[in-house]
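Q: Got a structure for you, questions after.
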Amino acid sequence: MGRGPMEQRAVVRCAEGHLFSTTTFPMQNLGAARLGPGRLIRCPQCGRLRSSVPADVSELSGAQLARAMRLEAVEFLA
């Protein structure tokens, strides 16, 4: 998957507690479809559509962070 100059990676945690990464688009976070502080993202670990929020990376071990960066969500809805 190609990444453009405006794309950034973020580590998020789904409602089930799974950690993974997703692409964020800084200039497109203001849409009306946004539901509270989270986003609806298909979790790559369980395959379910889940509300996901940014993870506090300062609380993650190096191994947790590395694994989350390898697990990439490719689909988000809001």
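Labels for the structure tokens follow display order: chains A, B, ..., residues from 1 in each chain, ligands from 1.
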Residues at most 12 Å from A:Ala73, counting only C-alpha atoms, excluding those fewer than 3 positions away in the same chain, as a CSV table (one decimal) with N, CA and C atoms, in the first residue's frame?
A:
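The resulting file, selection.csv, is reproduced below:
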```csv
chain,number,residue,atom,x,y,z
A,1,MET,N,0.8,-1.2,0.0
A,1,MET,CA,0.0,0.0,0.0
A,1,MET,C,0.9,1.2,0.0
A,9,ARG,N,0.7,7.3,10.3
A,9,ARG,CA,0.3,6.0,10.9
A,9,ARG,C,0.0,6.3,12.3
A,10,ALA,N,-1.0,5.6,12.8
A,10,ALA,CA,-1.4,5.8,14.2
A,10,ALA,C,-1.7,4.4,14.8
A,11,VAL,N,-1.3,4.2,16.1
A,11,VAL,CA,-1.6,2.9,16.7
A,11,VAL,C,-3.0,3.2,17.5
A,12,VAL,N,-3.9,2.3,17.3
A,12,VAL,CA,-5.2,2.4,17.9
A,12,VAL,C,-5.6,1.1,18.6
A,13,ARG,N,-6.6,1.2,19.5
A,13,ARG,CA,-7.1,0.1,20.3
A,13,ARG,C,-8.6,0.0,20.0
A,14,CYS,N,-9.0,-1.2,19.6
A,14,CYS,CA,-10.4,-1.4,19.4
A,14,CYS,C,-11.2,-1.7,20.7
A,18,HIS,N,-7.8,-5.0,21.2
A,18,HIS,CA,-6.8,-5.3,20.2
A,18,HIS,C,-6.0,-4.1,19.7
A,19,LEU,N,-4.7,-4.2,19.6
A,19,LEU,CA,-3.9,-3.1,19.1
A,19,LEU,C,-3.6,-3.3,17.7
A,20,PHE,N,-3.6,-2.2,16.9
A,20,PHE,CA,-3.2,-2.3,15.5
A,20,PHE,C,-3.0,-0.9,15.0
A,21,SER,N,-2.5,-0.8,13.7
A,21,SER,CA,-2.3,0.6,13.2
A,21,SER,C,-3.2,0.9,12.1
A,22,THR,N,-3.4,2.1,11.8
A,22,THR,CA,-4.2,2.6,10.7
A,22,THR,C,-3.7,3.9,10.1
A,23,THR,N,-4.1,4.2,8.9
A,23,THR,CA,-3.6,5.4,8.3
A,23,THR,C,-4.6,6.5,8.8
A,24,THR,N,-4.1,7.6,9.2
A,24,THR,CA,-4.9,8.8,9.5
A,24,THR,C,-4.7,9.9,8.5
A,39,ARG,N,-13.3,5.9,16.0
A,39,ARG,CA,-13.7,5.7,14.6
A,39,ARG,C,-14.1,4.3,14.4
A,40,LEU,N,-15.0,4.1,13.5
A,40,LEU,CA,-15.4,2.7,13.2
A,40,LEU,C,-14.4,2.1,12.2
A,41,ILE,N,-13.7,1.1,12.7
A,41,ILE,CA,-12.6,0.5,11.9
A,41,ILE,C,-12.7,-1.0,12.0
A,42,ARG,N,-12.5,-1.7,10.8
A,42,ARG,CA,-12.5,-3.1,10.9
A,42,ARG,C,-11.2,-3.6,11.5
A,43,CYS,N,-11.3,-4.3,12.6
A,43,CYS,CA,-10.1,-4.7,13.4
A,43,CYS,C,-9.5,-5.9,12.6
A,44,PRO,N,-8.2,-5.8,12.3
A,44,PRO,CA,-7.5,-6.8,11.6
A,44,PRO,C,-7.3,-8.1,12.4
A,45,GLN,N,-7.4,-8.0,13.7
A,45,GLN,CA,-7.3,-9.2,14.6
A,45,GLN,C,-8.5,-10.1,14.6
A,46,CYS,N,-9.7,-9.4,14.8
A,46,CYS,CA,-10.9,-10.2,14.9
A,46,CYS,C,-11.8,-10.1,13.7
A,47,GLY,N,-11.5,-9.1,12.8
A,47,GLY,CA,-12.3,-9.0,11.6
A,47,GLY,C,-13.6,-8.3,11.8
A,48,ARG,N,-13.9,-7.8,13.0
A,48,ARG,CA,-15.2,-7.1,13.2
A,48,ARG,C,-15.0,-5.6,13.2
A,49,LEU,N,-16.1,-5.0,12.8
A,49,LEU,CA,-16.2,-3.5,12.8
A,49,LEU,C,-16.3,-3.0,14.2
A,50,ARG,N,-15.3,-2.3,14.7
A,50,ARG,CA,-15.3,-1.9,16.1
A,50,ARG,C,-15.0,-0.4,16.2
A,52,SER,N,-12.8,2.3,17.6
A,52,SER,CA,-11.4,2.3,17.9
A,52,SER,C,-10.9,3.7,18.3
A,68,ALA,N,1.6,-3.9,16.7
A,68,ALA,CA,0.5,-3.1,16.3
A,68,ALA,C,0.9,-2.4,15.0
A,69,MET,N,2.1,-2.1,14.7
A,69,MET,CA,2.5,-1.4,13.5
A,69,MET,C,2.5,-2.4,12.3
A,70,ARG,N,2.7,-3.7,12.6
A,70,ARG,CA,2.6,-4.8,11.6
A,70,ARG,C,1.1,-5.1,11.2
A,76,PHE,N,-11.7,2.0,7.0
A,76,PHE,CA,-12.4,2.7,8.1
A,76,PHE,C,-13.6,3.4,7.6
A,77,LEU,N,-14.6,3.5,8.4
A,77,LEU,CA,-15.9,4.1,7.9
A,77,LEU,C,-16.1,5.5,8.4
```
Q: To one decimal place in Å, what is the distance between atom CA of A:Leu71 and atom CA of A:Gly17?
A: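 Result for atom CA of A:Leu71 versus atom CA of A:Gly17: 13.7 Å, one decimal.
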Q: For the structure I just gave you, how does DSSP split stretch 28-72 of chain A - specifically, which residues are alpha helix (DSSP H)? Reply as a VMD selection string.
A: chain A and resid 62 to 70
Q: Record the distance separating atom CA of A:Ser51 and atom CA of A:Ala66, expressed in Å with one decimal.
A: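 Here the two named atoms are 21.7 Å from each other.
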Q: Find the distance between atom CA of A:Glu72 and atom CA of A:Gln8 and write it in Å to one decimal.
A: 12.4 Å
